[in-house]
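What follows is work_30.cif (mmCIF, C-alpha atoms).
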```cif
data_data
#
loop_
_atom_site.label_atom_id
_atom_site.label_comp_id
_atom_site.auth_asym_id
_atom_site.auth_seq_id
_atom_site.Cartn_x
_atom_site.Cartn_y
_atom_site.Cartn_z
CA MET A 1 107.04 109.03 102.27
CA ALA A 2 108.42 112.27 103.57
CA GLN A 3 110.32 114.30 101.05
CA VAL A 4 113.31 115.85 102.79
CA ASN A 5 114.90 118.94 101.28
CA SER A 6 114.24 117.96 97.72
CA ILE A 7 114.20 119.92 94.48
CA ASN A 8 111.95 118.58 91.74
CA ASN A 9 112.82 120.22 88.45
CA ALA A 10 109.82 118.70 86.70
CA THR A 11 107.27 120.41 88.96
CA SER A 12 109.40 123.42 89.95
CA GLN A 13 108.89 122.36 93.53
CA LEU A 14 111.29 122.91 96.37
CA THR A 15 110.22 120.78 99.32
CA ILE A 16 111.50 121.02 102.85
CA ASP A 17 110.22 118.24 105.10
CA PRO A 18 111.75 117.12 108.36
CA GLY A 19 109.75 113.93 108.46
CA ALA A 20 107.77 112.99 111.57
CA SER A 21 108.82 116.01 113.62
CA GLY A 22 110.91 119.18 113.55
CA ASN A 23 110.70 122.55 111.86
CA SER A 24 110.62 123.09 108.12
CA PHE A 25 112.21 126.39 107.14
CA VAL A 26 114.37 128.63 105.00
CA GLN A 27 117.09 130.62 106.75
CA TYR A 28 118.06 133.97 105.23
CA ASN A 29 121.54 134.99 106.28
CA VAL A 30 124.00 137.72 105.41
CA ASN A 31 127.64 136.88 105.94
CA ALA A 32 126.79 134.01 108.30
CA SER A 33 124.60 136.27 110.43
CA SER A 34 121.04 135.00 110.76
CA LYS A 35 118.66 137.77 109.74
CA PHE A 36 115.27 136.18 109.10
CA ILE A 37 113.85 132.68 109.16
CA MET A 38 110.64 131.60 107.42
CA GLY A 39 108.81 128.34 107.75
CA ILE A 40 106.74 125.98 109.86
CA ASP A 41 107.13 125.88 113.64
CA ASP A 42 106.52 122.29 114.66
CA SER A 43 106.34 123.28 118.32
CA ALA A 44 103.51 125.78 117.65
CA SER A 45 100.94 123.49 116.04
CA ASP A 46 102.72 123.78 112.69
CA ALA A 47 102.06 127.49 112.31
CA PHE A 48 103.80 129.29 109.43
CA LYS A 49 106.07 132.05 110.69
CA VAL A 50 108.46 134.75 109.62
CA SER A 51 110.79 135.44 112.54
CA VAL A 52 113.72 137.75 113.10
CA GLY A 53 117.00 135.93 113.72
CA SER A 54 117.70 132.23 113.62
CA ALA A 55 114.86 130.53 115.48
CA LEU A 56 111.17 130.10 114.78
CA GLY A 57 109.37 130.89 118.04
CA THR A 58 111.71 133.70 119.04
CA THR A 59 110.89 137.21 117.82
CA ASP A 60 108.02 135.96 115.67
CA SER A 61 106.94 138.79 113.39
CA PHE A 62 104.28 137.18 111.21
CA ILE A 63 102.26 134.09 112.06
CA ILE A 64 99.68 132.17 110.04
CA THR A 65 97.92 129.43 111.98
CA SER A 66 96.91 126.18 110.36
CA ALA A 67 93.36 127.60 110.22
CA GLY A 68 94.65 130.54 108.16
CA TYR A 69 94.41 133.24 110.83
CA ASN A 70 97.32 135.64 110.70
CA THR A 71 98.75 137.84 113.43
CA MET A 72 101.69 140.22 113.59
CA PRO A 73 102.84 140.21 117.22
CA LEU A 74 105.42 142.95 116.68
CA CYS A 75 103.16 145.29 114.71
CA PRO A 76 102.88 148.58 116.60
CA ALA A 77 99.51 148.64 118.37
CA PHE A 78 98.37 150.27 121.58
CA LEU A 79 95.43 151.01 123.83
CA GLY A 80 95.53 153.30 126.83
CA TYR A 81 92.68 154.53 128.98
CA LEU A 82 92.17 157.05 131.74
CA PRO A 83 91.87 155.01 134.96
CA SER A 84 90.19 157.68 137.09
CA THR A 85 88.35 160.92 136.49
CA ASP A 86 90.19 164.21 136.04
CA THR A 87 87.94 166.93 137.42
CA ASN A 88 87.77 170.60 136.44
CA VAL A 89 89.96 170.25 133.36
CA THR A 90 88.01 172.30 130.83
CA GLY A 91 84.75 174.13 130.29
CA ASP A 92 86.44 177.48 129.78
CA ALA A 93 87.95 176.38 126.45
CA THR A 94 91.06 175.01 128.14
CA VAL A 95 92.60 172.31 125.96
CA TYR A 96 92.96 169.09 127.98
CA THR A 97 95.34 166.35 126.85
CA LEU A 98 94.32 162.78 127.61
CA GLY A 99 97.09 161.42 129.84
CA GLY A 100 98.51 164.85 130.51
CA THR A 101 97.11 165.03 134.05
CA THR A 102 96.44 161.50 135.32
CA ALA A 103 98.66 158.90 133.66
CA LEU A 104 96.87 156.48 131.36
CA THR A 105 96.70 152.77 132.05
CA LYS A 106 98.16 150.87 129.11
CA ALA A 107 96.07 147.84 128.15
CA PHE A 108 98.70 146.89 125.57
CA ASP A 109 101.56 148.53 123.76
CA LEU A 110 103.16 146.31 121.14
CA GLY A 111 106.55 147.75 120.31
CA THR A 112 106.57 150.16 123.27
CA ASN A 113 105.76 153.28 121.25
CA PHE A 114 103.05 154.67 123.56
CA THR A 115 103.54 156.53 126.84
CA THR A 116 101.23 156.80 129.81
CA ALA A 117 101.20 160.52 129.06
CA GLY A 118 99.11 159.57 126.03
CA VAL A 119 101.68 160.16 123.28
CA PHE A 120 102.23 157.65 120.48
CA THR A 121 105.43 157.95 118.46
CA ALA A 122 105.54 156.30 115.05
CA PRO A 123 108.44 153.82 114.89
CA ILE A 124 108.45 153.81 111.08
CA THR A 125 106.93 155.84 108.28
CA ALA A 126 103.54 154.30 107.50
CA ARG A 127 99.75 154.72 107.65
CA TYR A 128 98.28 154.34 111.13
CA HIS A 129 94.68 153.86 112.24
CA PHE A 130 93.71 155.83 115.34
CA THR A 131 90.57 155.85 117.48
CA ALA A 132 89.91 158.18 120.39
CA MET A 133 86.99 158.38 122.82
CA VAL A 134 86.50 160.88 125.61
CA GLU A 135 83.63 161.13 128.08
CA ALA A 136 83.16 164.55 129.63
CA ASN A 137 81.01 165.31 132.66
CA ASN A 138 79.58 168.19 134.62
CA MET A 139 78.49 169.99 131.47
CA THR A 140 75.57 172.38 131.44
CA SER A 141 73.36 173.90 128.81
CA SER A 142 75.79 176.79 128.63
CA ASN A 143 78.50 174.65 127.07
CA ASN A 144 78.07 175.31 123.37
CA LEU A 145 81.17 173.63 121.94
CA TYR A 146 82.82 170.31 122.74
CA TYR A 147 85.55 169.09 120.43
CA ILE A 148 87.81 166.06 120.42
CA GLN A 149 90.90 165.94 118.28
CA ILE A 150 93.70 163.58 117.40
CA VAL A 151 96.72 165.83 117.02
CA THR A 152 99.48 164.38 114.85
CA THR A 153 102.66 166.05 113.72
CA ASN A 154 101.25 166.43 110.21
CA ARG A 155 97.66 167.49 110.95
CA THR A 156 94.75 167.51 113.36
CA TYR A 157 91.64 165.34 113.02
CA GLN A 158 88.71 166.88 114.87
CA ILE A 159 85.06 166.29 115.69
CA ASN A 160 83.00 169.23 116.98
CA ILE A 161 79.67 168.94 118.71
CA ASP A 162 77.41 171.39 120.45
CA PRO A 163 76.40 169.80 123.75
CA ALA A 164 74.07 172.54 124.91
CA SER A 165 70.84 170.56 124.77
CA ILE A 166 71.96 166.95 124.85
CA ILE A 167 73.57 166.78 128.24
CA GLY A 168 70.64 166.19 130.55
CA SER A 169 72.91 164.16 132.81
CA GLY A 170 75.83 166.48 132.25
CA ILE A 171 77.73 163.61 130.64
CA LEU A 172 78.55 163.26 126.97
CA SER A 173 80.98 161.12 124.98
CA ASN A 174 82.72 162.25 121.84
CA LYS A 175 84.88 160.18 119.49
CA VAL A 176 87.05 160.48 116.42
CA ALA A 177 88.73 157.93 114.17
CA THR A 178 90.95 158.22 111.12
CA VAL A 179 93.79 156.79 109.08
CA ALA A 180 96.80 159.07 109.47
CA ASP A 181 100.04 159.48 107.56
CA MET A 182 102.93 159.41 109.99
CA THR A 183 106.64 159.79 109.36
CA SER A 184 109.02 157.91 111.62
CA GLY A 185 109.29 159.93 114.85
CA ASP A 186 105.97 161.77 114.36
CA THR A 187 103.69 161.85 117.38
CA ALA A 188 99.97 161.59 118.03
CA LYS A 189 97.90 162.50 121.08
CA VAL A 190 94.28 163.21 122.02
CA GLN A 191 92.91 166.51 123.21
CA ILE A 192 89.49 167.87 124.10
CA SER A 193 88.09 171.26 124.86
CA VAL A 194 84.71 172.37 126.17
CA ALA A 195 83.76 176.02 126.01
CA ASN A 196 81.53 178.70 127.48
CA THR A 197 81.53 178.04 131.23
CA THR A 198 84.13 178.08 133.93
CA LYS A 199 86.65 175.29 134.28
CA VAL A 200 84.30 172.77 135.85
CA VAL A 201 84.07 170.07 133.18
CA GLY A 202 85.84 166.79 133.90
CA CYS A 203 87.15 163.90 131.86
CA VAL A 204 85.64 160.61 133.03
CA GLY A 205 87.96 157.70 133.67
CA GLY A 206 87.50 154.04 134.51
CA SER A 207 88.46 150.58 133.44
CA ASN A 208 85.71 150.52 130.82
CA GLY A 209 87.86 152.69 128.62
CA ASN A 210 85.33 155.55 128.55
CA SER A 211 88.20 157.89 127.76
CA SER A 212 90.82 156.13 125.72
CA PHE A 213 93.24 156.28 122.81
CA SER A 214 94.12 153.34 120.59
CA GLY A 215 95.80 152.71 117.29
CA PHE A 216 97.88 150.43 115.13
CA LEU A 217 100.04 150.40 112.04
CA ALA A 218 97.65 149.64 109.18
CA CYS A 219 99.99 149.49 106.19
CA MET B 1 132.76 131.26 107.11
CA ALA B 2 129.57 132.16 105.34
CA GLN B 3 127.35 129.27 104.39
CA ILE B 4 126.20 129.88 100.83
CA ASN B 5 123.05 128.21 99.51
CA SER B 6 123.34 125.08 101.58
CA ILE B 7 120.86 122.30 102.29
CA ASN B 8 121.19 120.55 105.62
CA ASN B 9 119.16 117.35 105.60
CA ALA B 10 119.84 116.73 109.27
CA THR B 11 118.11 119.92 110.40
CA SER B 12 115.73 120.37 107.46
CA LYS B 13 117.32 123.74 106.89
CA LEU B 14 117.80 125.50 103.59
CA THR B 15 120.28 128.33 104.14
CA ILE B 16 120.83 131.16 101.69
CA ASP B 17 123.77 133.44 102.40
CA PRO B 18 125.53 135.72 99.91
CA GLY B 19 128.53 136.22 102.15
CA ALA B 20 129.76 139.67 103.08
CA SER B 21 127.30 141.56 100.88
CA GLY B 22 124.42 141.04 98.50
CA ASN B 23 120.81 139.94 98.80
CA SER B 24 119.67 136.60 100.24
CA PHE B 25 116.53 135.44 98.46
CA VAL B 26 114.33 132.85 96.79
CA GLN B 27 112.93 133.69 93.36
CA PHE B 28 109.52 132.33 92.28
CA ASN B 29 109.16 132.20 88.50
CA VAL B 30 106.62 130.92 85.99
CA ASN B 31 107.90 130.07 82.50
CA ALA B 32 111.04 132.09 83.10
CA SER B 33 108.96 135.10 84.09
CA SER B 34 109.85 136.45 87.51
CA LYS B 35 106.70 136.70 89.62
CA PHE B 36 107.73 137.09 93.23
CA ILE B 37 110.96 137.29 95.15
CA VAL B 38 111.32 136.67 98.90
CA GLY B 39 114.34 137.50 100.97
CA ILE B 40 116.66 140.05 102.54
CA ASP B 41 117.41 143.35 100.83
CA ASP B 42 121.05 144.12 101.60
CA SER B 43 120.70 147.66 100.26
CA ALA B 44 117.86 148.46 102.69
CA SER B 45 119.44 147.65 106.06
CA ASP B 46 118.83 143.91 105.64
CA VAL B 47 115.04 144.12 105.89
CA PHE B 48 112.91 141.13 104.86
CA LYS B 49 110.78 141.68 101.77
CA ILE B 50 108.28 140.03 99.50
CA SER B 51 108.47 141.88 96.21
CA GLN B 52 106.82 141.49 92.85
CA GLY B 53 109.06 140.76 89.88
CA SER B 54 112.73 139.96 89.95
CA ALA B 55 114.28 142.56 92.25
CA LEU B 56 114.03 143.24 95.97
CA GLY B 57 113.49 146.98 96.28
CA THR B 58 111.15 147.24 93.30
CA ASN B 59 107.42 146.80 93.90
CA ASP B 60 107.99 145.84 97.52
CA THR B 61 104.71 144.39 98.77
CA PHE B 62 105.60 143.30 102.28
CA ILE B 63 108.47 144.68 104.33
CA MET B 64 109.58 143.64 107.80
CA ASN B 65 112.41 145.52 109.44
CA THR B 66 114.95 143.94 111.75
CA SER B 67 112.79 144.90 114.73
CA GLY B 68 109.97 142.82 113.30
CA VAL B 69 107.80 145.81 112.41
CA PRO B 70 105.82 145.03 109.24
CA ARG B 71 104.32 147.26 106.60
CA MET B 72 102.64 146.86 103.24
CA PRO B 73 103.51 149.77 100.95
CA LEU B 74 101.18 148.61 98.16
CA GLN B 75 98.18 147.89 100.38
CA ALA B 76 95.22 149.99 99.31
CA ALA B 77 94.93 152.97 101.68
CA PHE B 78 93.78 156.55 101.23
CA LEU B 79 92.98 159.82 103.00
CA GLY B 80 91.42 162.87 101.41
CA TYR B 81 89.95 166.01 102.93
CA LEU B 82 87.93 169.00 101.84
CA PRO B 83 90.43 171.87 101.63
CA SER B 84 87.91 174.73 101.70
CA THR B 85 84.27 175.24 102.62
CA ASP B 86 81.42 174.44 100.25
CA THR B 87 78.65 176.90 101.08
CA ASN B 88 74.94 176.36 100.48
CA ALA B 89 75.52 172.66 100.03
CA THR B 90 72.42 171.24 101.71
CA GLY B 91 69.70 172.04 104.24
CA ASP B 92 66.80 171.28 101.89
CA THR B 93 67.52 167.50 101.82
CA THR B 94 69.99 167.89 98.97
CA GLN B 95 72.49 165.03 99.08
CA TYR B 96 75.98 166.54 99.09
CA THR B 97 78.84 164.28 98.03
CA LEU B 98 82.20 164.96 99.65
CA GLY B 99 84.50 165.86 96.76
CA GLY B 100 81.62 166.33 94.35
CA THR B 101 81.83 170.13 94.41
CA THR B 102 85.28 171.19 95.59
CA ALA B 103 87.94 168.60 94.79
CA LEU B 104 89.46 166.87 97.80
CA THR B 105 93.12 167.17 98.73
CA LYS B 106 94.68 163.73 98.79
CA VAL B 107 97.10 163.18 101.70
CA PHE B 108 97.96 159.69 100.49
CA ASP B 109 96.55 157.19 98.04
CA GLN B 110 98.45 153.93 98.05
CA GLY B 111 97.55 152.05 94.88
CA THR B 112 95.87 155.08 93.27
CA ASN B 113 92.33 153.89 93.91
CA PHE B 114 90.94 157.19 95.22
CA THR B 115 89.92 160.24 93.22
CA THR B 116 89.78 163.87 94.25
CA ALA B 117 86.06 163.58 93.54
CA GLY B 118 85.95 161.47 96.70
CA VAL B 119 85.37 158.04 95.15
CA PHE B 120 87.32 154.99 96.27
CA THR B 121 87.26 151.95 93.99
CA ALA B 122 88.15 148.60 95.54
CA PRO B 123 91.10 147.09 93.65
CA VAL B 124 90.45 143.58 95.00
CA THR B 125 87.60 141.81 96.71
CA GLY B 126 88.13 142.19 100.45
CA ARG B 127 87.09 143.78 103.71
CA TYR B 128 87.80 147.50 103.96
CA HIS B 129 87.78 149.81 106.97
CA LEU B 130 86.22 153.12 105.97
CA SER B 131 85.92 156.35 108.00
CA GLY B 132 84.04 159.51 107.10
CA MET B 133 83.85 162.84 108.89
CA ILE B 134 81.65 165.77 107.94
CA TYR B 135 81.65 169.21 109.59
CA LEU B 136 78.46 171.14 108.92
CA GLY B 137 78.05 174.90 109.32
CA ALA B 138 75.25 177.47 109.11
CA LEU B 139 72.80 175.11 110.77
CA THR B 140 69.77 176.53 112.56
CA SER B 141 67.24 175.12 114.99
CA SER B 142 65.02 174.38 112.00
CA ASN B 143 67.41 171.71 110.77
CA ASN B 144 65.80 168.69 112.40
CA LEU B 145 67.93 166.04 110.70
CA ALA B 146 71.49 165.71 109.51
CA THR B 147 72.92 162.49 108.09
CA ILE B 148 76.25 161.13 107.01
CA ASP B 149 76.44 158.09 104.75
CA ILE B 150 79.25 155.93 103.46
CA VAL B 151 77.75 154.69 100.22
CA THR B 152 79.26 151.51 98.83
CA THR B 153 78.03 149.60 95.81
CA ALA B 154 76.53 146.92 98.05
CA THR B 155 75.43 148.84 101.14
CA ILE B 156 74.75 152.29 102.53
CA TYR B 157 76.12 152.85 106.03
CA ASP B 158 74.16 155.64 107.67
CA ILE B 159 74.28 157.84 110.76
CA ASN B 160 71.33 160.11 111.52
CA PHE B 161 71.43 163.04 113.89
CA ASN B 162 68.65 165.31 115.07
CA CYS B 163 70.56 168.54 115.27
CA SER B 164 67.73 170.99 115.90
CA SER B 165 68.69 171.59 119.51
CA VAL B 166 72.45 171.10 119.41
CA ILE B 167 73.60 173.79 117.06
CA SER B 168 73.68 176.99 119.06
CA SER B 169 76.97 177.66 117.29
CA GLY B 170 75.48 176.56 113.97
CA LYS B 171 78.19 173.93 113.60
CA LEU B 172 78.16 170.16 114.01
CA SER B 173 80.55 167.32 113.22
CA ILE B 174 79.34 163.84 112.39
CA GLY B 175 81.60 160.82 112.05
CA ILE B 176 81.00 157.31 110.77
CA ASN B 177 83.24 154.22 110.73
CA THR B 178 82.58 150.77 109.39
CA MET B 179 83.99 147.58 107.98
CA ALA B 180 82.68 147.11 104.47
CA SER B 181 82.70 144.03 102.28
CA MET B 182 83.61 145.16 98.78
CA THR B 183 83.97 143.29 95.51
CA ALA B 184 86.72 144.36 93.12
CA GLY B 185 85.41 147.37 91.22
CA ASP B 186 82.91 148.37 93.91
CA THR B 187 82.98 152.02 94.87
CA ALA B 188 82.60 153.97 98.11
CA PHE B 189 82.03 157.65 98.81
CA VAL B 190 80.79 159.90 101.61
CA ARG B 191 77.69 162.04 101.41
CA THR B 192 75.67 164.16 103.79
CA ARG B 193 72.37 165.96 103.88
CA ALA B 194 70.55 168.26 106.23
CA GLU B 195 66.82 168.87 106.30
CA GLY B 196 64.42 171.52 107.54
CA THR B 197 65.60 174.72 105.87
CA SER B 198 66.50 176.04 102.47
CA LYS B 199 69.85 175.18 100.90
CA VAL B 200 71.97 177.27 103.24
CA VAL B 201 73.94 174.68 105.19
CA SER B 202 77.67 174.55 104.54
CA VAL B 203 80.20 171.73 104.59
CA LEU B 204 83.26 173.14 106.31
CA GLY B 205 86.70 172.41 104.92
CA GLY B 206 90.27 173.08 105.97
CA ALA B 207 93.63 171.50 106.49
CA ASN B 208 92.56 169.96 109.80
CA ALA B 209 90.61 167.31 107.90
CA ASN B 210 87.31 168.25 109.55
CA SER B 211 85.52 166.86 106.50
CA SER B 212 87.39 163.84 105.23
CA PHE B 213 87.24 160.28 103.93
CA SER B 214 89.81 157.60 104.69
CA GLY B 215 90.13 153.86 104.48
CA TYR B 216 92.29 150.83 103.86
CA LEU B 217 92.14 147.18 102.96
CA VAL B 218 92.08 145.14 106.17
CA CYS B 219 91.82 141.56 104.95
#
```
Go ahead and render the structure in this file as C-alpha cells.
Amino acid sequence: MAQVNSINNATSQLTIDPGASGNSFVQYNVNASSKFIMGIDDSASDAFKVSVGSALGTTDSFIITSAGYNTMPLCPAFLGYLPSTDTNVTGDATVYTLGGTTALTKAFDLGTNFTTAGVFTAPITARYHFTAMVEANNMTSSNNLYYIQIVTTNRTYQINIDPASIIGSGILSNKVATVADMTSGDTAKVQISVANTTKVVGCVGGSNGNSSFSGFLAC
Amino acid sequence: MAQINSINNATSKLTIDPGASGNSFVQFNVNASSKFIVGIDDSASDVFKISQGSALGTNDTFIMNTSGVPRMPLQAAFLGYLPSTDTNATGDTTQYTLGGTTALTKVFDQGTNFTTAGVFTAPVTGRYHLSGMIYLGALTSSNNLATIDIVTTATIYDINFNCSSVISSGKLSIGINTMASMTAGDTAFVRTRAEGTSKVVSVLGGANANSSFSGYLVC
C-alpha cells in the first residue's frame, strides 16, 4: 500500500509517496517564494532531481536517473572549435588567439559563459578543467619553437615543443590540459605562437575540432 | 502568507518555509547526532546546500546557486607547480620526481590531500582525473628519450618521446592526462627522465605552471 506523506517515528523515516502517479518531492521556500524543489519527477522516468523554482522538469540543476547516472544540465561547460583555417597567423613569434580572427563554432555552451571569440568567463569562483588543442600548418624545419597556452586571469598554462624535425608534412598539433583556479569574472583563452620564420604558419580549422577549446566546472 | 512546514497529501508536497527570513531545511540525524542538513541557506543568497553537521554554511559539501550552477567545495582537487628550475635533474636515466627536489607551490588543495613534495593521496576510492606537465631544458641531440609518468599505486601512466631531433632550443614540454582508478590511500605523483647524456637536463619551473601536477575526483 502506498505510504503518502507519512512520518514514522520508529524508523526515523519520512516518506513522500503520491501513489500510482505524480511527483514525490520536498519544496524549499523562503517567505512563500519557491526557491528549490527536490524529489522524483514522475514524468521523467522517475528521475531524482534538484530544480530551481517550484517545478521538477523546469530549470533542472541536478538529475540522477533510475540507473544512477547523474548529470548537471546547468553546470558551466563549453566546447568551441575553429571552423575554417586561419592562414599566415604566426611563424614570426606572433601570438595568435584561437577565435580572435575567425569566430569559433560553439558545439555547446551550458550557461552561456563562452564567446565565439574564444573567451570563457567564470560565472562563479571554482576549479575548472580546461583542454585546448591547436593544429598548425605550413611549418618548416626553421620553426624551432611552437607553444600553446591557456591564459587565465591568474596564470598561464603552457606546453612548448620544438617542431623543427617533426613536421615533415608541415602540420603539427599541440595540446594542453589543466585544472585551473578561477575567481568569478576571471577569463580564459587559448593562444599559440610559432617562431623563427616569417608569418606564414596557419591555424587549421574544421568540424573535427582540430583546433578547439573546451572546459567545465569541476568542483 | 508563508506556508510553514506543511504537508499537502493531495499534491504529495512537503513544504518547508521559514517565512520572511531564516533557513529552509531538512536535518538528517542519527542518535541525536546531526549528520547532514539539506536546504536553503538564507544567509548566502538563498543557495541550495547539502552540508555536513547541523548548520548550513559549515562544511558545505554541495552548493547550487539560484542560477542552477553547482559546485562541490570539499571535493578533492589540487594544483601544484614547480616554482623554480631544478638543474641537473636527469639526462642519465635518473628518475626525477616533481616536487622531490624543490618543493611545489600549491595553488589549491581542496581536502588537503596533496603535499608540496608532489604526492596526492586519494581520500576515497573513486575515479580521478590527473594531469601532469613537465618542461625540460638543457636537452641535446644525444637525448634520445624523454618520458613523463603519472605513477599511481595501481598503475603507471606513461608517455615516451624521442627528443633527439626536436630540441634545437634545448627545451621540450611533455604533457600527460588520464583517468585513474584509485583506492582510498593510494598515491599519485609525476616523474620524468631523460636518457642519452650525463645528468645535465633541467626541469624548468616558474609561475606559469610549465611543470605542474593537477587533478580532481570525478566520480
Exercise. What residues in chain A lie within 8 Å of chain B, counting all atoms listed in the file, written as a ChimeraX atom specification?
Worked result: /A:4-5,16-18,22-32,35-36,51-52,59-61,72,74-76,126-127,144-145,155-166,176-181,217-219
Once the PyMOL selection byres ((chain A and resi 134) around 8) has been evaluated on this model, what residues remain selected, and can you format them as a PDB file with C-alpha atoms, in the coordinates of the input?
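Wrote part14.pdb, looks like this:
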```pdb
ATOM      1  CA  ALA A 132      89.910 158.180 120.390  1.00  0.00           C
ATOM      2  CA  MET A 133      86.990 158.380 122.820  1.00  0.00           C
ATOM      3  CA  GLU A 135      83.630 161.130 128.080  1.00  0.00           C
ATOM      4  CA  ALA A 136      83.160 164.550 129.630  1.00  0.00           C
ATOM      5  CA  ILE A 148      87.810 166.060 120.420  1.00  0.00           C
ATOM      6  CA  SER A 173      80.980 161.120 124.980  1.00  0.00           C
ATOM      7  CA  ASN A 174      82.720 162.250 121.840  1.00  0.00           C
ATOM      8  CA  LYS A 175      84.880 160.180 119.490  1.00  0.00           C
ATOM      9  CA  ILE A 192      89.490 167.870 124.100  1.00  0.00           C
ATOM     10  CA  CYS A 203      87.150 163.900 131.860  1.00  0.00           C
ATOM     11  CA  VAL A 204      85.640 160.610 133.030  1.00  0.00           C
ATOM     12  CA  ASN A 210      85.330 155.550 128.550  1.00  0.00           C
ATOM     13  CA  SER A 211      88.200 157.890 127.760  1.00  0.00           C
ATOM     14  CA  SER A 212      90.820 156.130 125.720  1.00  0.00           C
TER      15      SER A 212
END
```
For this session: Take the point (89.8, 146.9, 93.6) in the file's coordinates, draw a sphere of radius 9 Å around it, and report as a list in words every protein, DNA or RNA residue with an atom inside or on it, counting all atoms listed in the file.
Result: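 Residues lying no farther than 9 Å from the given point: Ala76, Asn113, Phe120, Thr121, Ala122, Pro123, Val124, Thr125, Gly126, Met182, Thr183, Ala184, Gly185, Asp186 and Thr187 of chain B.
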Would you list the residues near (76.7, 153.7, 97.5), meaning any protein, DNA or RNA residue with an atom at most 12 Å from that point in file coordinates, counting only C-alpha atoms, as a CSV table (one decimal) with C-alpha atoms, keeping the file's coordinate frame?
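Output (part21.csv):
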```
chain,number,residue,atom,x,y,z
B,97,THR,CA,78.8,164.3,98.0
B,119,VAL,CA,85.4,158.0,95.2
B,120,PHE,CA,87.3,155.0,96.3
B,121,THR,CA,87.3,152.0,94.0
B,149,ASP,CA,76.4,158.1,104.8
B,150,ILE,CA,79.2,155.9,103.5
B,151,VAL,CA,77.8,154.7,100.2
B,152,THR,CA,79.3,151.5,98.8
B,153,THR,CA,78.0,149.6,95.8
B,154,ALA,CA,76.5,146.9,98.0
B,155,THR,CA,75.4,148.8,101.1
B,156,ILE,CA,74.8,152.3,102.5
B,157,TYR,CA,76.1,152.8,106.0
B,158,ASP,CA,74.2,155.6,107.7
B,180,ALA,CA,82.7,147.1,104.5
B,182,MET,CA,83.6,145.2,98.8
B,186,ASP,CA,82.9,148.4,93.9
B,187,THR,CA,83.0,152.0,94.9
B,188,ALA,CA,82.6,154.0,98.1
B,189,PHE,CA,82.0,157.6,98.8
B,190,VAL,CA,80.8,159.9,101.6
B,191,ARG,CA,77.7,162.0,101.4
```
Exercise. If the PyMOL selection byres ((chain A and resi 110) around 6) is run on the structure shown, which residues does it catch, given as a PyMOL selection string?
Worked result: chain A and resi 76-77+109+111-112
For this session: Mind giving me the straight-line distance from atom CA of A:His129 to atom CA of A:Thr87 in Å, one decimal?
Result: 29.2 Å
For this session: Determine the residue set returned by the PyMOL selection byres ((chain B and resi 85) around 7) for the present structure, and present it as a PyMOL selection string.
Result: chain B and resi 84+86-87+202-205
Problem set entry | Counting only C-alpha atoms, the residue of B:Ala32, B:Ile148, B:Ala103, B:Leu98 that sits nearest B:Ala194 |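 Nearest to B:Ala194: B:Ile148.
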Exercise. Can you tell me how far atom CA of A:Thr153 sits from atom CA of A:Thr187, in Å to one decimal?
Worked result: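 Separating atom CA of A:Thr153 from atom CA of A:Thr187 is a distance of 5.7 Å.
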Problem set entry | Top pick for closest residue to B:Asn160, considering B:Met179, B:Thr192, B:Gly111, B:Ser142 and counting only C-alpha atoms |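 That would be B:Thr192, the residue with the smallest distance to B:Asn160.
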Problem set entry | Between atom CA of A:Ser33 and atom CA of A:Thr58 - distance in Å to one decimal |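 It comes out at 15.7 Å.
Look at A:Val194: the protein and nucleic acid residues within 8 Å of it, using all atoms listed in the file and passing over chain neighbours fewer than 4 places away, are Thr90, Gly91, Asp92, Ala93, Thr94, Val95, Asn143, Asn144, Leu145, Tyr146, Tyr147 and Val201 of chain A.
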Problem set entry | Selection: 10 Å around A:Ala188, all atoms listed in the file, excl. self and same-chain fewer than 6 positions, as a PyMOL selection string | chain A and resi 114+118-122+130+150-156+180+182+213+215
Exercise. With all atoms listed in the file as the basis for distance, which of A:Thr102, A:Thr131, A:Thr125, A:Ser207 is at the shortest distance from A:Asp186?
Worked result: A:Thr125
Since the input has fewer atoms than a full residue there, write stretch 95-104 of chain B out with N, CA and C atoms, as a PDB file, keeping the file's coordinate frame.
```pdb
ATOM      1  N   GLN B  95      71.383 165.919  98.723  1.00  0.00           N
ATOM      2  CA  GLN B  95      72.490 165.030  99.080  1.00  0.00           C
ATOM      3  C   GLN B  95      73.782 165.648  98.539  1.00  0.00           C
ATOM      4  N   TYR B  96      74.677 165.955  99.440  1.00  0.00           N
ATOM      5  CA  TYR B  96      75.980 166.540  99.090  1.00  0.00           C
ATOM      6  C   TYR B  96      77.033 165.446  99.149  1.00  0.00           C
ATOM      7  N   THR B  97      77.768 165.277  98.073  1.00  0.00           N
ATOM      8  CA  THR B  97      78.840 164.280  98.030  1.00  0.00           C
ATOM      9  C   THR B  97      80.177 164.942  98.316  1.00  0.00           C
ATOM     10  N   LEU B  98      80.889 164.412  99.302  1.00  0.00           N
ATOM     11  CA  LEU B  98      82.200 164.960  99.650  1.00  0.00           C
ATOM     12  C   LEU B  98      83.148 164.803  98.454  1.00  0.00           C
ATOM     13  N   GLY B  99      83.644 165.898  97.942  1.00  0.00           N
ATOM     14  CA  GLY B  99      84.500 165.860  96.760  1.00  0.00           C
ATOM     15  C   GLY B  99      83.743 166.126  95.474  1.00  0.00           C
ATOM     16  N   GLY B 100      82.426 166.136  95.553  1.00  0.00           N
ATOM     17  CA  GLY B 100      81.620 166.330  94.350  1.00  0.00           C
ATOM     18  C   GLY B 100      81.559 167.774  93.893  1.00  0.00           C
ATOM     19  N   THR B 101      81.839 168.708  94.778  1.00  0.00           N
ATOM     20  CA  THR B 101      81.830 170.130  94.410  1.00  0.00           C
ATOM     21  C   THR B 101      83.278 170.630  94.376  1.00  0.00           C
ATOM     22  N   THR B 102      83.856 170.852  95.533  1.00  0.00           N
ATOM     23  CA  THR B 102      85.280 171.190  95.590  1.00  0.00           C
ATOM     24  C   THR B 102      86.087 169.888  95.646  1.00  0.00           C
ATOM     25  N   ALA B 103      87.107 169.805  94.809  1.00  0.00           N
ATOM     26  CA  ALA B 103      87.940 168.600  94.790  1.00  0.00           C
ATOM     27  C   ALA B 103      88.651 168.419  96.130  1.00  0.00           C
ATOM     28  N   LEU B 104      88.761 167.173  96.557  1.00  0.00           N
ATOM     29  CA  LEU B 104      89.460 166.870  97.800  1.00  0.00           C
ATOM     30  C   LEU B 104      90.969 166.977  97.610  1.00  0.00           C
TER      31      LEU B 104
END
```
